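**Q** The following file, input-v6.txt, comprises compact mmCIF, C-alpha atoms and all ligand atoms:
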```
# COMPACT_ATOMS: atom_id res chain seq x y z
CA MET M 1 44.83 51.91 113.77
CA ASN M 2 43.68 52.41 110.20
CA LEU M 3 39.93 52.51 110.20
CA TYR M 4 39.55 52.51 106.43
CA ARG M 5 37.63 49.36 105.72
CA PRO M 6 39.30 47.13 103.10
CA GLU M 7 36.31 47.27 100.78
CA LEU M 8 36.48 51.06 100.82
CA LYS M 9 40.20 50.93 100.05
CA ARG M 10 39.49 48.82 97.01
CA PHE M 11 37.16 51.47 95.61
CA ARG M 12 39.20 54.48 96.58
CA PHE M 13 40.07 55.10 92.91
CA LEU M 14 36.47 56.34 92.68
CA ARG M 15 37.76 59.48 94.37
CA TRP M 16 39.40 60.28 91.04
CA PHE M 17 35.91 61.20 89.93
CA ASP M 18 35.07 63.26 92.97
CA PHE M 19 34.14 66.63 91.53
CA ARG M 20 32.63 68.01 94.69
CA SER M 21 34.95 71.00 94.49
CA TRP M 22 33.91 72.03 90.96
CA ARG M 23 37.33 73.51 90.41
CA LEU M 24 38.71 73.72 86.90
CA GLY M 25 41.86 71.69 87.60
CA MET M 26 39.83 68.82 89.04
CA LEU M 27 37.32 69.00 86.20
CA ALA M 28 40.19 68.74 83.69
CA TYR M 29 41.62 65.81 85.69
CA ILE M 30 38.30 63.94 85.60
CA LEU M 31 37.72 64.71 81.92
CA ASN M 32 41.15 63.31 81.08
CA ARG M 33 40.35 60.05 82.88
CA VAL M 34 36.89 59.63 81.41
CA THR M 35 38.07 60.38 77.84
CA ALA M 36 41.11 58.10 78.29
CA ILE M 37 38.87 55.18 79.28
CA GLY M 38 36.52 56.00 76.38
CA LEU M 39 39.39 56.08 73.88
CA VAL M 40 40.75 52.73 75.08
CA VAL M 41 37.29 51.17 74.70
CA TYR M 42 37.03 52.74 71.24
CA LEU M 43 40.40 51.24 70.23
CA TYR M 44 39.15 47.72 70.94
CA LEU M 45 35.83 48.39 69.20
CA HIS M 46 37.78 49.70 66.22
CA LEU M 47 39.84 46.50 66.08
CA ALA M 48 36.67 44.42 66.28
CA VAL M 49 35.10 46.41 63.43
CA LEU M 50 38.24 46.08 61.31
CA PHE M 51 37.91 42.34 61.74
CA LEU M 52 34.79 42.61 59.54
CA LEU M 53 37.08 43.56 56.65
CA ALA M 54 38.46 40.03 56.70
CA GLN M 55 34.96 38.76 55.89
CA GLY M 56 34.93 40.64 52.60
CA PRO M 57 32.09 42.77 51.13
CA SER M 58 29.40 40.54 52.69
CA GLY M 59 30.52 41.57 56.19
CA TRP M 60 31.77 45.06 55.48
CA ASP M 61 29.02 46.60 53.30
CA PRO M 62 26.14 46.13 55.80
CA PHE M 63 28.35 47.72 58.46
CA ILE M 64 29.01 50.75 56.24
CA GLN M 65 25.22 51.16 55.83
CA ILE M 66 24.88 51.33 59.63
CA ALA M 67 27.89 53.63 59.93
CA ARG M 68 26.13 56.24 57.76
CA THR M 69 23.06 56.50 59.99
CA PRO M 70 22.70 59.64 62.16
CA TRP M 71 22.80 57.55 65.35
CA PHE M 72 26.14 56.09 64.40
CA LEU M 73 27.44 59.52 63.39
CA MET M 74 26.57 60.68 66.92
CA LEU M 75 29.08 58.14 68.19
CA ASP M 76 31.64 59.72 65.87
CA VAL M 77 30.85 63.11 67.43
CA ILE M 78 31.48 61.66 70.91
CA LEU M 79 34.73 60.14 69.65
CA LEU M 80 35.89 63.43 68.15
CA ALA M 81 35.01 65.26 71.39
CA GLY M 82 36.98 62.70 73.41
CA LEU M 83 39.99 62.98 71.13
CA LEU M 84 39.98 66.77 71.24
CA ILE M 85 39.50 67.02 75.01
CA HIS M 86 42.07 64.35 75.81
CA GLY M 87 44.63 65.52 73.27
CA LEU M 88 44.45 69.23 74.02
CA ASN M 89 44.17 68.81 77.78
CA GLY M 90 47.08 66.38 77.56
CA LEU M 91 49.08 69.13 75.90
CA ARG M 92 48.32 71.41 78.85
CA VAL M 93 49.26 68.70 81.36
CA ALA M 94 52.52 68.06 79.50
CA LEU M 95 53.37 71.76 79.33
CA THR M 96 52.65 72.48 82.99
CA GLY M 97 54.25 69.17 83.95
CA PHE M 98 57.49 70.41 82.45
CA GLY M 99 57.13 73.65 84.37
CA TYR M 100 55.74 75.86 81.59
CA GLY M 101 52.57 77.91 81.92
CA VAL M 102 52.11 76.68 85.49
CA ARG M 103 50.52 79.88 86.77
CA SER M 104 48.18 80.04 83.78
CA GLN M 105 46.93 76.47 83.87
CA LYS M 106 43.30 77.61 84.23
CA PRO M 107 43.21 80.12 81.33
CA LEU M 108 45.16 77.56 79.30
CA PHE M 109 42.48 74.95 79.97
CA ILE M 110 39.68 77.36 79.07
CA ALA M 111 41.43 78.47 75.85
CA LEU M 112 42.13 74.89 74.76
CA MET M 113 38.57 73.80 75.48
CA ILE M 114 37.18 76.73 73.48
CA PHE M 115 39.45 75.65 70.63
CA ALA M 116 38.19 72.05 71.06
CA ALA M 117 34.57 73.27 70.90
CA ILE M 118 35.24 75.21 67.68
CA VAL M 119 36.94 72.22 66.00
CA LEU M 120 34.12 69.96 67.22
CA ALA M 121 31.48 72.30 65.78
CA VAL M 122 33.28 72.31 62.41
CA GLY M 123 33.60 68.52 62.58
CA VAL M 124 29.89 68.06 63.34
CA PHE M 125 28.98 70.36 60.46
CA LYS M 126 31.17 68.39 58.05
CA MET M 127 29.84 65.06 59.31
CA PHE M 128 26.15 65.87 59.00
CA MET M 129 26.12 68.47 56.22
CA GLY M 130 29.27 67.72 54.28
CA MET W 1 22.95 87.77 117.97
CA SER W 2 23.33 84.01 118.05
CA LEU W 3 23.01 81.28 115.46
CA GLN W 4 21.34 77.87 115.69
CA VAL W 5 23.27 75.26 113.82
CA THR W 6 23.10 71.49 113.35
CA LEU W 7 26.41 69.67 113.15
CA LYS W 8 26.48 66.25 111.53
CA ILE W 9 29.74 64.69 112.63
CA LEU W 10 31.28 61.42 111.44
CA ARG W 11 32.02 59.24 114.45
CA SER W 12 34.67 56.51 114.31
CA ARG W 13 36.37 54.29 116.80
CA PRO W 14 38.64 51.31 116.14
CA HIS W 15 36.64 48.12 115.48
CA GLN W 16 33.31 49.97 115.42
CA GLU W 17 31.03 50.86 112.54
CA GLN W 18 31.26 54.49 111.45
CA ARG W 19 28.14 56.58 111.95
CA TYR W 20 27.00 60.20 111.81
CA ASP W 21 25.81 61.94 114.98
CA THR W 22 23.91 65.21 114.86
CA PHE W 23 24.24 67.97 117.43
CA ASP W 24 22.10 71.10 117.65
CA VAL W 25 24.18 73.92 119.05
CA THR W 26 23.82 77.66 119.54
CA VAL W 27 26.82 79.84 118.84
CA PRO W 28 27.46 83.58 118.63
CA ASP W 29 26.98 85.23 115.26
CA ALA W 30 30.72 85.61 114.72
CA ALA W 31 31.54 82.01 115.67
CA ASN W 32 33.62 79.72 113.54
CA VAL W 33 32.91 76.03 112.95
CA LEU W 34 35.53 75.05 115.54
CA ASP W 35 33.55 77.00 118.18
CA ALA W 36 30.46 75.01 117.22
CA ILE W 37 32.37 71.71 117.51
CA GLU W 38 33.53 72.79 120.97
CA GLN W 39 29.92 73.52 121.92
CA ALA W 40 28.92 70.03 120.80
CA TRP W 41 31.73 68.57 122.90
CA ALA W 42 30.99 70.77 125.94
CA HIS W 43 27.20 70.41 126.01
CA HIS W 44 26.40 67.13 124.25
CA ASP W 45 29.17 64.57 124.08
CA ARG W 46 32.46 64.63 125.96
CA ASP W 47 33.53 61.55 123.97
CA LEU W 48 33.80 63.54 120.77
CA MET W 49 37.39 63.45 119.53
CA PHE W 50 38.74 66.50 117.72
CA ARG W 51 42.01 68.34 117.75
CA HIS W 52 42.90 72.02 117.90
CA ALA W 53 45.41 74.39 119.39
CA CYS W 54 45.77 78.00 118.25
CA HIS W 55 42.24 78.94 117.09
CA HIS W 56 43.66 81.29 114.44
CA ALA W 57 44.99 79.22 111.52
CA SER W 58 48.61 79.18 112.55
CA CYS W 59 48.93 75.63 113.86
CA GLY W 60 47.02 73.66 111.22
CA THR W 61 45.96 71.13 113.86
CA CYS W 62 42.18 71.34 113.49
CA ALA W 63 41.88 70.61 109.75
CA VAL W 64 38.75 68.64 108.80
CA ARG W 65 36.34 68.38 105.90
CA ILE W 66 33.35 70.67 106.14
CA ASN W 67 30.53 69.75 103.78
CA GLY W 68 33.03 67.67 101.82
CA ARG W 69 35.71 70.32 101.42
CA GLU W 70 38.94 70.54 103.35
CA LYS W 71 39.00 73.52 105.71
CA LEU W 72 40.49 74.88 108.89
CA PRO W 73 37.34 75.08 111.05
CA CYS W 74 38.98 77.72 113.25
CA ILE W 75 38.63 80.26 110.43
CA ALA W 76 35.46 78.93 108.77
CA PRO W 77 32.56 81.20 109.85
CA VAL W 78 29.39 79.32 110.79
CA LYS W 79 27.27 81.97 109.08
CA ASP W 80 28.87 81.03 105.72
CA TYR W 81 26.86 77.81 105.93
CA ASP W 82 23.59 79.69 105.87
CA GLY W 83 22.09 78.22 109.00
CA GLY W 84 21.87 74.79 107.35
CA GLU W 85 23.30 71.48 108.52
CA ILE W 86 27.09 71.39 108.60
CA LYS W 87 28.64 68.01 107.83
CA ILE W 88 32.03 67.52 109.45
CA GLU W 89 34.32 64.60 108.61
CA PRO W 90 37.99 63.83 109.24
CA LEU W 91 40.61 64.46 106.56
CA ARG W 92 40.86 61.79 103.88
CA ASN W 93 43.94 59.74 103.04
CA PHE W 94 45.08 59.49 106.66
CA PRO W 95 44.39 56.65 109.10
CA ILE W 96 41.62 57.72 111.46
CA VAL W 97 42.46 57.64 115.16
CA GLY W 98 38.91 58.47 116.23
CA ASP W 99 36.12 60.83 115.12
CA LEU W 100 37.78 63.92 113.62
CA VAL W 101 41.31 63.01 114.65
CA VAL W 102 43.63 61.45 112.07
CA ASP W 103 47.12 60.01 112.42
CA VAL W 104 49.42 62.58 110.82
CA ALA W 105 52.64 60.62 111.41
CA PRO W 106 53.16 59.68 107.71
CA PHE W 107 52.80 63.32 106.79
CA PHE W 108 55.49 64.47 109.22
CA GLN W 109 57.80 61.62 108.21
CA ASN W 110 57.74 62.95 104.66
CA GLN W 111 58.41 66.49 105.84
CA GLU W 112 61.35 65.18 107.82
CA ALA W 113 62.77 63.29 104.81
CA SER W 114 63.75 66.58 103.19
CA ASP W 115 65.30 67.76 106.47
CA PHE W 116 62.57 70.32 106.67
CA ILE W 117 61.72 70.34 110.33
CA ILE W 118 60.95 73.39 112.33
CA THR W 119 61.97 72.97 115.94
CA ARG W 120 62.56 75.25 118.86
CA PRO W 121 66.26 76.13 119.26
CA THR W 122 66.36 74.17 122.50
CA GLU W 123 65.25 70.95 120.79
CA ASN W 124 68.14 68.89 119.53
CA GLU W 125 66.40 65.61 119.00
CA LEU W 126 63.19 64.23 117.63
CA ASP W 127 61.94 60.75 118.52
CA GLY W 128 65.29 60.09 120.18
CA LYS W 129 67.27 60.99 117.04
CA ALA W 130 69.62 63.95 116.84
CA ILE W 131 68.43 66.61 114.41
CA ALA W 132 70.01 69.58 112.70
CA HIS W 133 68.07 72.80 112.91
CA THR W 134 66.42 74.16 109.82
CA GLN W 135 68.44 77.18 108.92
CA GLY W 136 66.80 80.46 108.03
CA LEU W 137 67.10 81.60 104.45
CA ASP W 138 70.54 83.00 103.75
CA PRO W 139 70.02 86.21 101.72
CA GLU W 140 73.46 85.78 100.13
CA SER W 141 72.66 82.40 98.61
CA ALA W 142 69.00 83.14 97.92
CA PRO W 143 68.05 82.72 94.29
CA THR W 144 67.13 85.84 92.37
CA VAL W 145 63.76 84.42 91.29
CA PRO W 146 61.05 85.03 93.86
CA PHE W 147 59.63 82.00 95.62
CA ASN W 148 57.04 81.40 98.27
CA ARG W 149 58.25 81.08 101.77
CA PHE W 150 57.41 77.49 102.53
CA GLU W 151 57.29 78.46 106.19
CA ASN W 152 53.78 79.60 105.30
CA CYS W 153 52.87 75.94 105.50
CA VAL W 154 51.06 75.24 108.74
CA GLU W 155 51.36 71.49 108.18
CA CYS W 156 47.62 71.01 108.30
CA GLY W 157 47.56 68.07 105.86
CA ILE W 158 44.68 69.59 103.89
CA CYS W 159 46.58 69.22 100.60
CA LEU W 160 47.04 65.48 101.18
CA SER W 161 43.35 65.08 101.87
CA ALA W 162 42.33 67.05 98.77
CA CYS W 163 44.74 65.24 96.43
CA PRO W 164 43.01 62.57 94.27
CA THR W 165 46.35 60.89 93.54
CA MET W 166 46.92 60.42 97.25
CA SER W 167 43.65 58.46 97.34
CA ALA W 168 45.01 55.96 94.84
CA ASP W 169 48.62 55.77 96.03
CA TYR W 170 49.26 56.07 99.75
CA LYS W 171 53.00 55.96 99.05
CA PHE W 172 52.80 59.21 97.11
CA PHE W 173 55.15 61.68 98.77
CA GLY W 174 52.33 64.21 98.82
CA PRO W 175 52.02 67.90 97.93
CA ALA W 176 53.32 69.33 101.21
CA GLY W 177 56.32 66.97 101.29
CA LEU W 178 57.25 67.82 97.71
CA ALA W 179 56.77 71.54 98.40
CA ALA W 180 59.13 71.11 101.36
CA ILE W 181 61.75 69.57 99.05
CA LYS W 182 61.38 72.52 96.70
CA ARG W 183 61.75 74.90 99.62
CA GLN W 184 64.96 73.18 100.72
CA LEU W 185 66.22 73.22 97.14
CA ASP W 186 65.67 76.99 96.88
CA LYS W 187 67.67 77.45 100.04
CA THR W 188 70.86 75.72 99.04
CA THR W 189 73.48 76.06 96.34
CA ASP W 190 75.41 73.04 97.61
CA ALA W 191 75.58 70.59 94.66
CA ASN W 192 75.48 67.46 96.84
CA GLU W 193 72.52 68.69 98.83
CA ARG W 194 70.66 69.62 95.65
CA GLU W 195 71.42 66.21 94.14
CA LYS W 196 70.08 64.51 97.28
CA LEU W 197 66.88 66.56 97.27
CA LEU W 198 66.20 66.07 93.57
CA HIS W 199 66.83 62.35 93.98
CA LEU W 200 64.21 62.29 96.73
CA ALA W 201 61.65 63.97 94.49
CA ASP W 202 62.58 62.00 91.35
CA ASP W 203 60.69 58.84 92.21
CA GLU W 204 57.66 56.99 90.91
CA HIS W 205 55.92 57.96 94.15
CA GLY W 206 57.44 61.44 93.97
CA VAL W 207 56.83 64.25 91.48
CA TRP W 208 55.99 61.87 88.65
CA ARG W 209 52.97 60.45 90.47
CA CYS W 210 51.20 63.82 90.45
CA HIS W 211 48.52 63.93 87.75
CA SER W 212 47.91 67.66 87.80
CA ALA W 213 44.51 68.02 89.45
CA TRP W 214 45.72 71.20 91.24
CA GLU W 215 43.44 70.44 94.17
CA CYS W 216 46.29 70.90 96.68
CA THR W 217 46.94 74.47 95.58
CA GLU W 218 43.21 75.23 95.53
CA ALA W 219 42.59 73.78 98.99
CA CYS W 220 45.70 75.07 100.76
CA PRO W 221 44.60 77.69 103.29
CA GLN W 222 48.03 79.34 103.32
CA SER W 223 48.79 79.93 99.64
CA VAL W 224 51.81 77.64 99.68
CA PHE W 225 51.05 76.60 96.05
CA PRO W 226 52.27 72.99 96.43
CA ALA W 227 51.25 72.01 92.86
CA GLU W 228 53.43 74.78 91.45
CA SER W 229 56.34 73.47 93.54
CA ILE W 230 55.83 69.98 92.10
CA MET W 231 55.95 71.37 88.55
CA ALA W 232 59.04 73.43 89.38
CA LEU W 233 60.75 70.30 90.75
CA ARG W 234 59.96 68.43 87.54
CA LYS W 235 61.49 71.25 85.54
CA GLU W 236 64.67 71.08 87.64
CA ILE W 237 64.86 67.28 87.35
CA ASN W 238 64.37 67.43 83.58
CA ALA W 239 67.02 70.15 83.26
CA GLN W 240 69.42 68.01 85.29
CA ARG W 241 68.74 64.96 83.09
CA PHE W 242 69.14 67.01 79.94
CA LYS W 243 72.51 68.32 81.16
CA LYS W 244 73.65 64.82 82.12
CA PHE W 245 72.54 63.37 78.79
CA PHE W 246 74.40 65.98 76.74
CA ARG W 247 77.23 66.13 79.28
CA LEU W 248 76.83 69.88 79.60
S1 LIG Z 1 51.00 73.03 101.87
FE1 LIG Z 1 49.14 74.15 102.50
S2 LIG Z 1 47.54 72.56 102.64
FE2 LIG Z 1 49.53 71.48 102.59
S3 LIG Z 1 50.05 71.16 104.74
FE3 LIG Z 1 51.01 73.12 104.12
S4 LIG Z 1 49.49 74.71 104.64
FE4 LIG Z 1 48.42 72.74 104.72
```
Starting from the file, lay out its structure as structure tokens.

**A**
Amino acid sequence: MNLYRPELKRFRFLRWFDFRSWRLGMLAYILNRVTAIGLVVYLYLHLAVLFLLAQGPSGWDPFIQIARTPWFLMLDVILLAGLLIHGLNGLRVALTGFGYGVRSQKPLFIALMIFAAIVLAVGVFKMFMG
Amino acid sequence: MSLQVTLKILRSRPHQEQRYDTFDVTVPDAANVLDAIEQAWAHHDRDLMFRHACHHASCGTCAVRINGREKLPCIAPVKDYDGGEIKIEPLRNFPIVGDLVVDVAPFFQNQEASDFIITRPTENELDGKAIAHTQGLDPESAPTVPFNRFENCVECGICLSACPTMSADYKFFGPAGLAAIKRQLDKTTDANEREKLLHLADDEHGVWRCHSAWECTEACPQSVFPAESIMALRKEINAQRFKKFFRL
């Protein structure tokens, strides 16, 4: 008597991104998924870029010119943000997952994200001003 | 004083397209959403399927989603919705029987798997099978650490509906089922029983499937804290593995 239509079942993973509740735990859950997908995409892009090395200076030098432009540096900022959010939130998930800090999962998330924001700000400063 | 309210209810029947029907109803100022649903049924559409029993949050039968969030409509005041339209849908992650009624059989099967069944003393069987009665907590064998009485659980299924992991894996044992295992574990010091319960939880569709969204704990109307129980079970399973590995 299951009335869920098959096509809906196929897309039910979209509920992972359902932040209707606006609760911190769910927000952290969504952020971890989005950053994880972003980091996997980055890994493949990184491999593709490294492939340019095999072409020698003629392939690599023009790429380095592009990599120094502010627009490209913005991508680095997004990457750093993804790494910090995923890594630090992952630490929280691992800790609570082993039964530690369970009752303080929300303050833990807030504290780690504040730390991530500080490191990101320093990173941005170094990237653009350093 | 009375309130005018528009209910937008998801209607479903087997082999029919789902649709939303709207009902304008008038309810007393102090009414809850369940009262408004009853008005819609009484004055507009006797075909409307919904379920309820106690009217005071102790049976968990009426659970639905109100404006997207899992609630017990029997304790959700209409006036909290500011006179606007109230969207009412059945719980997610359960097969729909019709309109607001879902099939809760899978939920109760999981509760039963941990031997956590509350029955009247006169009932000795369930579905034709003999059952042992859930024993009350023995103060002698109770652990010294405080724990939540799982009996707080009204078996409403709200935690299963709120859980995003449940959406992706229907075999997931679910927050309430895992909380029931934890409750049973707290109750016993018998090594075999504990081994059996931890084995039940230690499964790819058990505690390890949870991805820590904490929605179950947030949505639970009875402060059962199912997510915390899942984490506590993991801790116990890891401790057991550690001891086995080092032969402690
Ligand atoms: S744990 Fe809470 S939300 Fe889940 S079934 Fe029990 S009372 Fe309902």

**Q** Select all residues near (49.7, 79.9, 97.4) (cut-off 12 Å, inclusive, file coordinates), counting only C-alpha atoms, and output them as a count of residues only.

**A** 27

**Q** Give me, as a ChimeraX atom specification, all polymer residues having an atom no more than 12 Å from Leu198 in chain W, counting all atoms listed in the file and skipping those fewer than 2 positions away in the same chain.

**A** /W:114,178-186,191-196,200-203,206-207,230,232-241

**Q** Just how far from CA of Ala54 in chain M is CA of Leu79 in chain M, in Å to one decimal?

**A**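 One can read the CA of Leu79 in chain M to CA of Ala54 in chain M distance as 24.2 Å.
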
**Q** Take CA of Ser2 in chain W and CA of His44 in chain W and report the distance between them in Å, one decimal.

**A** 18.2 Å

**Q** Step by step: start from the point (37.7, 65.6, 76.8) in the file's coordinates, keep every protein, DNA or RNA residue that has an atom no farther than 12 Å from it, count all atoms listed in the file, and write the set as a VMD selection string.

**A** chain M and resid 27 to 39 77 to 91 109 112 to 117 120

**Q** With C-alpha atoms retained, could you export that selection as a PDB file, keeping the file's coordinate frame?

**A**
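And here's result10.pdb as it stands now:
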```pdb
ATOM      1  CA  LEU M  27      37.320  69.000  86.200  1.00  0.00           C
ATOM      2  CA  ALA M  28      40.190  68.740  83.690  1.00  0.00           C
ATOM      3  CA  TYR M  29      41.620  65.810  85.690  1.00  0.00           C
ATOM      4  CA  ILE M  30      38.300  63.940  85.600  1.00  0.00           C
ATOM      5  CA  LEU M  31      37.720  64.710  81.920  1.00  0.00           C
ATOM      6  CA  ASN M  32      41.150  63.310  81.080  1.00  0.00           C
ATOM      7  CA  ARG M  33      40.350  60.050  82.880  1.00  0.00           C
ATOM      8  CA  VAL M  34      36.890  59.630  81.410  1.00  0.00           C
ATOM      9  CA  THR M  35      38.070  60.380  77.840  1.00  0.00           C
ATOM     10  CA  ALA M  36      41.110  58.100  78.290  1.00  0.00           C
ATOM     11  CA  ILE M  37      38.870  55.180  79.280  1.00  0.00           C
ATOM     12  CA  GLY M  38      36.520  56.000  76.380  1.00  0.00           C
ATOM     13  CA  LEU M  39      39.390  56.080  73.880  1.00  0.00           C
ATOM     14  CA  VAL M  77      30.850  63.110  67.430  1.00  0.00           C
ATOM     15  CA  ILE M  78      31.480  61.660  70.910  1.00  0.00           C
ATOM     16  CA  LEU M  79      34.730  60.140  69.650  1.00  0.00           C
ATOM     17  CA  LEU M  80      35.890  63.430  68.150  1.00  0.00           C
ATOM     18  CA  ALA M  81      35.010  65.260  71.390  1.00  0.00           C
ATOM     19  CA  GLY M  82      36.980  62.700  73.410  1.00  0.00           C
ATOM     20  CA  LEU M  83      39.990  62.980  71.130  1.00  0.00           C
ATOM     21  CA  LEU M  84      39.980  66.770  71.240  1.00  0.00           C
ATOM     22  CA  ILE M  85      39.500  67.020  75.010  1.00  0.00           C
ATOM     23  CA  HIS M  86      42.070  64.350  75.810  1.00  0.00           C
ATOM     24  CA  GLY M  87      44.630  65.520  73.270  1.00  0.00           C
ATOM     25  CA  LEU M  88      44.450  69.230  74.020  1.00  0.00           C
ATOM     26  CA  ASN M  89      44.170  68.810  77.780  1.00  0.00           C
ATOM     27  CA  GLY M  90      47.080  66.380  77.560  1.00  0.00           C
ATOM     28  CA  LEU M  91      49.080  69.130  75.900  1.00  0.00           C
ATOM     29  CA  PHE M 109      42.480  74.950  79.970  1.00  0.00           C
ATOM     30  CA  LEU M 112      42.130  74.890  74.760  1.00  0.00           C
ATOM     31  CA  MET M 113      38.570  73.800  75.480  1.00  0.00           C
ATOM     32  CA  ILE M 114      37.180  76.730  73.480  1.00  0.00           C
ATOM     33  CA  PHE M 115      39.450  75.650  70.630  1.00  0.00           C
ATOM     34  CA  ALA M 116      38.190  72.050  71.060  1.00  0.00           C
ATOM     35  CA  ALA M 117      34.570  73.270  70.900  1.00  0.00           C
ATOM     36  CA  LEU M 120      34.120  69.960  67.220  1.00  0.00           C
TER      37      LEU M 120
END
```

**Q** Using all atoms listed in the file, which of W:Cys210, W:Ala168, W:Val25, W:Val104 sits nearest chain M?

**A**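 Distance minimum relative to chain M lands on W:Ala168.
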
**Q** Quick one: of M:Leu24, M:Leu45, M:Val124, M:Leu53, who's nearest to chain W, counting only C-alpha atoms?

**A**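 Looking only at the distances to chain W, the closest residue turns out to be M:Leu24.
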
**Q** Using CA of Phe23 in chain W and CA of Cys54 in chain W as the two end points, give the distance in Å to one decimal.

**A**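 Taking CA of Phe23 in chain W as the start and CA of Cys54 in chain W as the end point, the length is 23.8 Å.
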
**Q** Given only C-alpha atoms and all ligand atoms as the basis, pick out the residue of W:Cys156, W:Leu10, W:Cys163, W:Ala57 nearest to ligand LIG 1 (chain Z).

**A**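 Ranked by minimum distance to ligand LIG 1 (chain Z), first place goes to W:Cys156.
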
**Q** Between W:Leu160, W:Val154, W:Leu197, W:Ala113, single out the one closest to Phe172 in chain W, counting only C-alpha atoms.

**A**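 Between W:Leu160, W:Val154, W:Leu197, W:Ala113, the residue approaching Phe172 in chain W most closely is W:Leu160.
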
**Q** Using all atoms listed in the file, which protein or nucleic acid residues come within 12 Å of Met129 in chain M? Drop anything in the same chain fewer than 6 positions from it, and give the result as an NGL selection string.

**A** :M and (70 or 73 or 121-123)

**Q** Closest to chain W among M:Lys106, M:Lys126, M:Arg92, M:Arg15, using only C-alpha atoms?

**A**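 That would be M:Arg15, the residue with the smallest distance to chain W.
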
**Q** Can you sort out the box for range 100-110 of chain W, edges along x, y and z, all listed atoms in, 8 Å on every side, with centre and edge lengths in Å to one decimal, as JSON?

**A**
```
{"center_x": 47.8, "center_y": 62.1, "center_z": 109.7, "size_x": 36.0, "size_y": 20.8, "size_z": 26.0}
```

**Q** Check the smallest atom-to-atom distance from each of W:Ser58, W:Thr26, W:Thr188, W:Ser12 to chain M using all atoms listed in the file, then report the winner.

**A**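 Between W:Ser58, W:Thr26, W:Thr188, W:Ser12, the residue approaching chain M most closely is W:Ser12.
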